[in-house]
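Asker: Contents of coords.cif (mmCIF, C-alpha atoms; chains and numbers go by the auth columns):
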```cif
data_my_file
#
loop_
_atom_site.group_PDB
_atom_site.id
_atom_site.type_symbol
_atom_site.label_atom_id
_atom_site.label_comp_id
_atom_site.label_asym_id
_atom_site.label_seq_id
_atom_site.Cartn_x
_atom_site.Cartn_y
_atom_site.Cartn_z
_atom_site.B_iso_or_equiv
_atom_site.auth_seq_id
_atom_site.auth_asym_id
ATOM 1 C CA MET A 1 1.213 20.673 -0.854 0.00 1 A
ATOM 2 C CA LEU A 2 4.319 19.083 0.604 0.00 2 A
ATOM 3 C CA TYR A 3 6.563 20.624 3.227 0.00 3 A
ATOM 4 C CA ILE A 4 10.043 19.139 2.819 0.00 4 A
ATOM 5 C CA ILE A 5 13.108 20.227 4.796 0.00 5 A
ATOM 6 C CA VAL A 6 16.507 18.588 4.423 0.00 6 A
ATOM 7 C CA SER A 7 19.119 18.825 7.147 0.00 7 A
ATOM 8 C CA ALA A 8 22.393 17.097 7.901 0.00 8 A
ATOM 9 C CA ASP A 9 25.579 17.456 9.906 0.00 9 A
ATOM 10 C CA ASP A 10 26.974 19.390 6.928 0.00 10 A
ATOM 11 C CA THR A 11 24.478 22.283 7.001 0.00 11 A
ATOM 12 C CA GLU A 12 25.961 23.996 3.943 0.00 12 A
ATOM 13 C CA ALA A 13 25.471 20.884 1.820 0.00 13 A
ATOM 14 C CA ALA A 14 21.871 20.556 3.036 0.00 14 A
ATOM 15 C CA GLU A 15 20.993 24.210 2.277 0.00 15 A
ATOM 16 C CA GLN A 16 20.985 23.585 -1.480 0.00 16 A
ATOM 17 C CA PHE A 17 18.010 21.220 -1.047 0.00 17 A
ATOM 18 C CA ASN A 18 15.827 23.746 0.800 0.00 18 A
ATOM 19 C CA LEU A 19 13.833 26.464 -0.930 0.00 19 A
ATOM 20 C CA SER A 20 13.230 29.486 1.211 0.00 20 A
ATOM 21 C CA SER A 21 11.848 32.967 0.796 0.00 21 A
ATOM 22 C CA ILE A 22 11.466 36.101 2.884 0.00 22 A
ATOM 23 C CA LYS A 23 8.045 36.897 4.327 0.00 23 A
ATOM 24 C CA LEU A 24 7.873 40.640 4.877 0.00 24 A
ATOM 25 C CA THR A 25 6.616 41.652 8.307 0.00 25 A
ATOM 26 C CA ASN A 26 5.591 45.028 6.846 0.00 26 A
ATOM 27 C CA PRO A 27 4.576 44.448 3.191 0.00 27 A
ATOM 28 C CA GLY A 28 4.293 48.205 2.622 0.00 28 A
ATOM 29 C CA ARG A 29 8.068 48.610 3.045 0.00 29 A
ATOM 30 C CA LEU A 30 10.499 46.627 0.931 0.00 30 A
ATOM 31 C CA ASP A 31 13.049 46.022 3.701 0.00 31 A
ATOM 32 C CA LEU A 32 14.321 42.436 3.636 0.00 32 A
ATOM 33 C CA SER A 33 16.084 42.887 6.973 0.00 33 A
ATOM 34 C CA GLN A 34 12.643 43.194 8.576 0.00 34 A
ATOM 35 C CA GLY A 35 11.421 39.934 7.050 0.00 35 A
ATOM 36 C CA GLN A 36 11.165 36.424 8.353 0.00 36 A
ATOM 37 C CA GLN A 37 12.645 33.491 6.437 0.00 37 A
ATOM 38 C CA VAL A 38 10.044 30.836 5.629 0.00 38 A
ATOM 39 C CA ASN A 39 10.412 27.536 3.829 0.00 39 A
ATOM 40 C CA GLN A 40 8.359 27.071 0.728 0.00 40 A
ATOM 41 C CA LEU A 41 5.884 24.324 0.041 0.00 41 A
ATOM 42 C CA TYR A 42 6.063 22.031 -2.964 0.00 42 A
ATOM 43 C CA LEU A 43 2.909 21.953 -5.048 0.00 43 A
ATOM 44 C CA VAL A 44 2.186 18.560 -6.598 0.00 44 A
ATOM 45 C CA ASN A 45 1.073 19.314 -10.160 0.00 45 A
ATOM 46 C CA GLU A 46 -1.808 17.612 -11.970 0.00 46 A
ATOM 47 C CA ALA A 47 0.568 14.973 -13.368 0.00 47 A
ATOM 48 C CA GLY A 48 1.812 14.113 -9.843 0.00 48 A
ATOM 49 C CA TYR A 49 5.234 15.797 -9.975 0.00 49 A
ATOM 50 C CA ILE A 50 7.133 18.319 -7.873 0.00 50 A
ATOM 51 C CA THR A 51 10.281 20.201 -8.832 0.00 51 A
ATOM 52 C CA PHE A 52 12.855 19.672 -6.114 0.00 52 A
ATOM 53 C CA PRO A 53 16.134 21.603 -5.835 0.00 53 A
ATOM 54 C CA VAL A 54 19.157 19.763 -7.280 0.00 54 A
ATOM 55 C CA LEU A 55 17.114 16.605 -8.006 0.00 55 A
ATOM 56 C CA GLY A 56 14.743 18.293 -10.474 0.00 56 A
ATOM 57 C CA LYS A 57 11.349 16.922 -11.464 0.00 57 A
ATOM 58 C CA MET A 58 10.185 14.012 -9.289 0.00 58 A
ATOM 59 C CA LYS A 59 7.023 11.903 -9.462 0.00 59 A
ATOM 60 C CA VAL A 60 5.444 11.804 -5.994 0.00 60 A
ATOM 61 C CA SER A 61 1.828 10.837 -6.628 0.00 61 A
ATOM 62 C CA GLY A 62 0.987 7.268 -5.740 0.00 62 A
ATOM 63 C CA LEU A 63 3.682 7.148 -3.050 0.00 63 A
ATOM 64 C CA THR A 64 2.959 6.973 0.639 0.00 64 A
ATOM 65 C CA ARG A 65 4.740 9.394 2.957 0.00 65 A
ATOM 66 C CA SER A 66 7.222 6.697 4.025 0.00 66 A
ATOM 67 C CA GLU A 67 7.877 5.629 0.402 0.00 67 A
ATOM 68 C CA LEU A 68 8.589 9.226 -0.619 0.00 68 A
ATOM 69 C CA LEU A 69 10.900 9.655 2.386 0.00 69 A
ATOM 70 C CA LYS A 70 12.847 6.580 1.315 0.00 70 A
ATOM 71 C CA VAL A 71 13.169 7.847 -2.283 0.00 71 A
ATOM 72 C CA LEU A 72 14.334 11.271 -1.087 0.00 72 A
ATOM 73 C CA GLU A 73 16.841 9.732 1.347 0.00 73 A
ATOM 74 C CA GLU A 74 18.316 7.581 -1.440 0.00 74 A
ATOM 75 C CA LYS A 75 18.556 10.415 -3.981 0.00 75 A
ATOM 76 C CA ILE A 76 19.819 13.058 -1.543 0.00 76 A
ATOM 77 C CA GLY A 77 22.166 10.502 0.041 0.00 77 A
ATOM 78 C CA VAL A 78 24.229 10.654 -3.164 0.00 78 A
ATOM 79 C CA TYR A 79 25.066 14.286 -2.285 0.00 79 A
ATOM 80 C CA ILE A 80 24.906 14.322 1.536 0.00 80 A
ATOM 81 C CA LYS A 81 25.980 11.768 4.106 0.00 81 A
ATOM 82 C CA ASP A 82 23.067 10.686 6.348 0.00 82 A
ATOM 83 C CA PRO A 83 20.457 13.287 5.325 0.00 83 A
ATOM 84 C CA ILE A 84 17.616 14.020 7.735 0.00 84 A
ATOM 85 C CA ILE A 85 14.378 14.721 5.892 0.00 85 A
ATOM 86 C CA ASN A 86 11.300 16.249 7.465 0.00 86 A
ATOM 87 C CA LEU A 87 8.251 15.666 5.246 0.00 87 A
ATOM 88 C CA ARG A 88 4.693 16.771 5.954 0.00 88 A
ATOM 89 C CA ILE A 89 1.589 16.765 3.832 0.00 89 A
ATOM 90 C CA ASN A 90 0.170 20.233 4.409 0.00 90 A
ATOM 91 C CA ASN A 91 -3.231 20.182 2.772 0.00 91 A
ATOM 92 C CA PHE A 92 -4.667 16.824 3.784 0.00 92 A
ATOM 93 C CA LYS A 93 -8.310 17.326 4.632 0.00 93 A
ATOM 94 C CA VAL A 94 -11.516 15.467 5.294 0.00 94 A
ATOM 95 C CA SER A 95 -15.094 16.538 4.633 0.00 95 A
ATOM 96 C CA VAL A 96 -17.840 15.432 7.008 0.00 96 A
ATOM 97 C CA LEU A 97 -21.397 15.954 5.786 0.00 97 A
ATOM 98 C CA GLY A 98 -24.859 14.872 6.804 0.00 98 A
ATOM 99 C CA GLU A 99 -26.394 14.468 10.243 0.00 99 A
ATOM 100 C CA VAL A 100 -23.469 15.821 12.242 0.00 100 A
ATOM 101 C CA ASN A 101 -23.442 18.829 14.557 0.00 101 A
ATOM 102 C CA ALA A 102 -20.756 20.745 12.643 0.00 102 A
ATOM 103 C CA PRO A 103 -20.558 19.649 8.995 0.00 103 A
ATOM 104 C CA GLY A 104 -17.628 20.969 7.022 0.00 104 A
ATOM 105 C CA THR A 105 -14.142 20.388 5.697 0.00 105 A
ATOM 106 C CA TYR A 106 -11.387 19.922 8.275 0.00 106 A
ATOM 107 C CA ASN A 107 -7.624 20.175 7.828 0.00 107 A
ATOM 108 C CA ILE A 108 -5.759 17.190 9.218 0.00 108 A
ATOM 109 C CA GLY A 109 -2.269 17.405 10.715 0.00 109 A
ATOM 110 C CA SER A 110 -1.275 13.978 9.395 0.00 110 A
ATOM 111 C CA GLU A 111 -2.259 11.952 6.371 0.00 111 A
ATOM 112 C CA ARG A 112 -4.409 9.469 8.289 0.00 112 A
ATOM 113 C CA ILE A 113 -7.604 9.853 10.268 0.00 113 A
ATOM 114 C CA THR A 114 -10.105 7.386 11.650 0.00 114 A
ATOM 115 C CA LEU A 115 -13.853 7.639 11.170 0.00 115 A
ATOM 116 C CA ILE A 116 -14.309 8.265 14.895 0.00 116 A
ATOM 117 C CA GLU A 117 -11.753 11.120 14.793 0.00 117 A
ATOM 118 C CA ALA A 118 -13.532 12.695 11.805 0.00 118 A
ATOM 119 C CA LEU A 119 -16.892 12.463 13.567 0.00 119 A
ATOM 120 C CA ALA A 120 -15.365 13.985 16.702 0.00 120 A
ATOM 121 C CA MET A 121 -14.067 16.928 14.651 0.00 121 A
ATOM 122 C CA ALA A 122 -17.614 17.408 13.346 0.00 122 A
ATOM 123 C CA LYS A 123 -18.917 17.383 16.946 0.00 123 A
ATOM 124 C CA ASP A 124 -20.473 13.889 16.619 0.00 124 A
ATOM 125 C CA LEU A 125 -23.604 12.679 14.903 0.00 125 A
ATOM 126 C CA THR A 126 -26.865 14.383 15.772 0.00 126 A
ATOM 127 C CA ILE A 127 -29.585 12.425 17.523 0.00 127 A
ATOM 128 C CA HIS A 128 -31.088 11.768 14.067 0.00 128 A
ATOM 129 C CA GLY A 129 -27.853 10.391 12.579 0.00 129 A
ATOM 130 C CA ILE A 130 -28.085 6.779 11.446 0.00 130 A
ATOM 131 C CA ARG A 131 -25.153 5.123 13.146 0.00 131 A
ATOM 132 C CA ASN A 132 -25.398 1.775 11.381 0.00 132 A
ATOM 133 C CA ASN A 133 -25.191 3.144 7.824 0.00 133 A
ATOM 134 C CA ILE A 134 -22.359 5.696 7.518 0.00 134 A
ATOM 135 C CA LEU A 135 -21.036 6.196 3.999 0.00 135 A
ATOM 136 C CA ILE A 136 -17.284 6.687 3.614 0.00 136 A
ATOM 137 C CA ILE A 137 -16.075 7.977 0.253 0.00 137 A
ATOM 138 C CA ARG A 138 -12.347 7.863 -0.453 0.00 138 A
ATOM 139 C CA GLU A 139 -10.497 9.039 -3.514 0.00 139 A
ATOM 140 C CA ILE A 140 -7.138 7.480 -4.264 0.00 140 A
ATOM 141 C CA ASP A 141 -5.366 8.368 -7.515 0.00 141 A
ATOM 142 C CA GLY A 142 -8.594 9.743 -8.958 0.00 142 A
ATOM 143 C CA ILE A 143 -10.598 6.591 -8.212 0.00 143 A
ATOM 144 C CA LYS A 144 -13.444 6.830 -5.704 0.00 144 A
ATOM 145 C CA SER A 145 -14.416 3.971 -3.436 0.00 145 A
ATOM 146 C CA TYR A 146 -17.621 3.780 -1.417 0.00 146 A
ATOM 147 C CA ASN A 147 -17.968 1.807 1.821 0.00 147 A
ATOM 148 C CA ARG A 148 -20.713 1.664 4.413 0.00 148 A
ATOM 149 C CA VAL A 149 -19.830 1.338 8.092 0.00 149 A
ATOM 150 C CA ASP A 150 -21.887 0.351 11.119 0.00 150 A
ATOM 151 C CA ILE A 151 -20.334 2.025 14.161 0.00 151 A
ATOM 152 C CA THR A 152 -22.826 0.333 16.507 0.00 152 A
ATOM 153 C CA ARG A 153 -21.235 -3.076 15.941 0.00 153 A
ATOM 154 C CA GLN A 154 -18.713 -4.108 18.508 0.00 154 A
ATOM 155 C CA ILE A 155 -15.587 -5.492 16.881 0.00 155 A
ATOM 156 C CA LEU A 156 -13.423 -7.745 19.026 0.00 156 A
#
```
Transcribe the structure of this file into structure tokens.

Answerer:
Amino acid sequence: MLYIIVSADDTEAAEQFNLSSIKLTNPGRLDLSQGQQVNQLYLVNEAGYITFPVLGKMKVSGLTRSELLKVLEEKIGVYIKDPIINLRINNFKVSVLGEVNAPGTYNIGSERITLIEALAMAKDLTIHGIRNNILIIREIDGIKSYNRVDITRQIL
């Protein structure tokens, strides 16, 4: 899920690139004046595409956040002078399992997290956790990689 907002000095020109909807504050009454405008998220489909206003279907899988920003700036720059693009990955998460105090899946505010940050979110390893043999599993473009880490080693 991607949150993408386009703005520029020419606000009218930028509006066409932003999807928005009305969130009703009282869903029982259909009164749009009582709603709150919210920006919609872009769902990346199974083939790695989103449908973006004006630009149409765009392949986003395999791109880093900064690469996608650059592509959007180039394509939107054809229509708007100096576009400002706010891009966030909304459903980035990490799962921490095993000998930790609070195993589970955690939502991450950015698209990067360190092992130490993930362990801190899970309230650290228990006293029985083996600190010199932590397995990290990553999936990138459907391919899983497995790496073992020793957090007791001091790296200079």

Asker: Which is closest to Gly109 in chain A among A:Arg88, A:Lys144, A:His128, A:Lys123, if we use all atoms listed in the file?

Answerer: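 Among A:Arg88, A:Lys144, A:His128, A:Lys123, it is A:Arg88 that comes nearest to Gly109 in chain A.
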
Asker: Can you tell me, as a list in words, which residues sit within 12 Å of (-18.8, -1.2, -0.5) in the file's frame, using all atoms listed in the file?

Answerer: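 Result, sorted by chain then residue number: Asn133, Ile134, Leu135, Ile136, Ile137, Arg138, Lys144, Ser145, Tyr146, Asn147, Arg148 and Val149 of chain A.
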
Asker: Quick check on the file I pasted: which residues fall under the PyMOL selection byres ((chain A and resi 107) around 10)? Write them as a PyMOL selection string.

Answerer: chain A and resi 90-95+105-106+108-111+121

Asker: Give as a PDB file with C-alpha atoms, in the frame of the given file the residues that the PyMOL selection byres ((chain A and resi 151) around 12) matches when applied to the coordinates above.

Answerer:
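What ended up in part.pdb:
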```
ATOM      1  CA  THR A 114     -10.105   7.386  11.650  1.00  0.00           C
ATOM      2  CA  LEU A 115     -13.853   7.639  11.170  1.00  0.00           C
ATOM      3  CA  ILE A 116     -14.309   8.265  14.895  1.00  0.00           C
ATOM      4  CA  LEU A 119     -16.892  12.463  13.567  1.00  0.00           C
ATOM      5  CA  LEU A 125     -23.604  12.679  14.903  1.00  0.00           C
ATOM      6  CA  GLY A 129     -27.853  10.391  12.579  1.00  0.00           C
ATOM      7  CA  ILE A 130     -28.085   6.779  11.446  1.00  0.00           C
ATOM      8  CA  ARG A 131     -25.153   5.123  13.146  1.00  0.00           C
ATOM      9  CA  ASN A 132     -25.398   1.775  11.381  1.00  0.00           C
ATOM     10  CA  ASN A 133     -25.191   3.144   7.824  1.00  0.00           C
ATOM     11  CA  ILE A 134     -22.359   5.696   7.518  1.00  0.00           C
ATOM     12  CA  LEU A 135     -21.036   6.196   3.999  1.00  0.00           C
ATOM     13  CA  ILE A 136     -17.284   6.687   3.614  1.00  0.00           C
ATOM     14  CA  ARG A 148     -20.713   1.664   4.413  1.00  0.00           C
ATOM     15  CA  VAL A 149     -19.830   1.338   8.092  1.00  0.00           C
ATOM     16  CA  ASP A 150     -21.887   0.351  11.119  1.00  0.00           C
ATOM     17  CA  THR A 152     -22.826   0.333  16.507  1.00  0.00           C
ATOM     18  CA  ARG A 153     -21.235  -3.076  15.941  1.00  0.00           C
ATOM     19  CA  GLN A 154     -18.713  -4.108  18.508  1.00  0.00           C
ATOM     20  CA  ILE A 155     -15.587  -5.492  16.881  1.00  0.00           C
TER      21      ILE A 155
END
```

Asker: Can you check which parts of range 64-120 of chain A lie within 10 Å of range 2-14 of chain A? Per residue, the shortest pair of atoms and distance in Å to one decimal, counting all atoms listed in the file, sorted by chain and number, as a Markdown table.

Answerer:
```
| residue | atom | partner | partner_atom | distance |
| --- | --- | --- | --- | --- |
| A:Arg65 | CA | A:Leu2 | CA | 10.0 |
| A:Leu69 | CA | A:Ile4 | CA | 9.5 |
| A:Leu72 | CA | A:Val6 | CA | 9.4 |
| A:Glu73 | CA | A:Val6 | CA | 9.4 |
| A:Ile76 | CA | A:Val6 | CA | 8.8 |
| A:Tyr79 | CA | A:Ala13 | CA | 7.8 |
| A:Ile80 | CA | A:Ala13 | CA | 6.6 |
| A:Lys81 | CA | A:Ala8 | CA | 7.5 |
| A:Asp82 | CA | A:Ala8 | CA | 6.6 |
| A:Pro83 | CA | A:Ala8 | CA | 5.0 |
| A:Ile84 | CA | A:Ser7 | CA | 5.1 |
| A:Ile85 | CA | A:Val6 | CA | 4.7 |
| A:Asn86 | CA | A:Ile5 | CA | 5.1 |
| A:Leu87 | CA | A:Ile4 | CA | 4.6 |
| A:Arg88 | CA | A:Tyr3 | CA | 5.1 |
| A:Ile89 | CA | A:Leu2 | CA | 4.8 |
| A:Asn90 | CA | A:Leu2 | CA | 5.7 |
| A:Asn91 | CA | A:Leu2 | CA | 7.9 |
| A:Phe92 | CA | A:Leu2 | CA | 9.8 |
```

Asker: One decimal, in Å: what's the spacing between CA of Arg112 in chain A and CA of Met1 in chain A?

Answerer: 15.5 Å

Asker: Just say which residues the PyMOL selection byres ((chain A and resi 40-55) around 9) picks in this file, as a short mmCIF file (atom, residue, chain, number, x, y, z; two decimals) with C-alpha atoms, in the frame of the given file.

Answerer:
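What follows is the written file expr.cif:
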```cif
data_model
loop_
_atom_site.label_atom_id
_atom_site.label_comp_id
_atom_site.auth_asym_id
_atom_site.auth_seq_id
_atom_site.Cartn_x
_atom_site.Cartn_y
_atom_site.Cartn_z
CA MET A 1 1.21 20.67 -0.85
CA LEU A 2 4.32 19.08 0.60
CA TYR A 3 6.56 20.62 3.23
CA ILE A 4 10.04 19.14 2.82
CA GLN A 16 20.98 23.58 -1.48
CA PHE A 17 18.01 21.22 -1.05
CA ASN A 18 15.83 23.75 0.80
CA LEU A 19 13.83 26.46 -0.93
CA SER A 20 13.23 29.49 1.21
CA SER A 21 11.85 32.97 0.80
CA VAL A 38 10.04 30.84 5.63
CA ASN A 39 10.41 27.54 3.83
CA GLY A 56 14.74 18.29 -10.47
CA LYS A 57 11.35 16.92 -11.46
CA MET A 58 10.18 14.01 -9.29
CA LYS A 59 7.02 11.90 -9.46
CA VAL A 60 5.44 11.80 -5.99
CA SER A 61 1.83 10.84 -6.63
CA GLY A 62 0.99 7.27 -5.74
CA LYS A 75 18.56 10.42 -3.98
CA ILE A 76 19.82 13.06 -1.54
CA ASN A 90 0.17 20.23 4.41
#
```

Asker: How far is it from CA of Ile143 in chain A to CA of Leu63 in chain A, in Å with one decimal?

Answerer: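 For CA of Ile143 in chain A relative to CA of Leu63 in chain A, the distance reads 15.2 Å.
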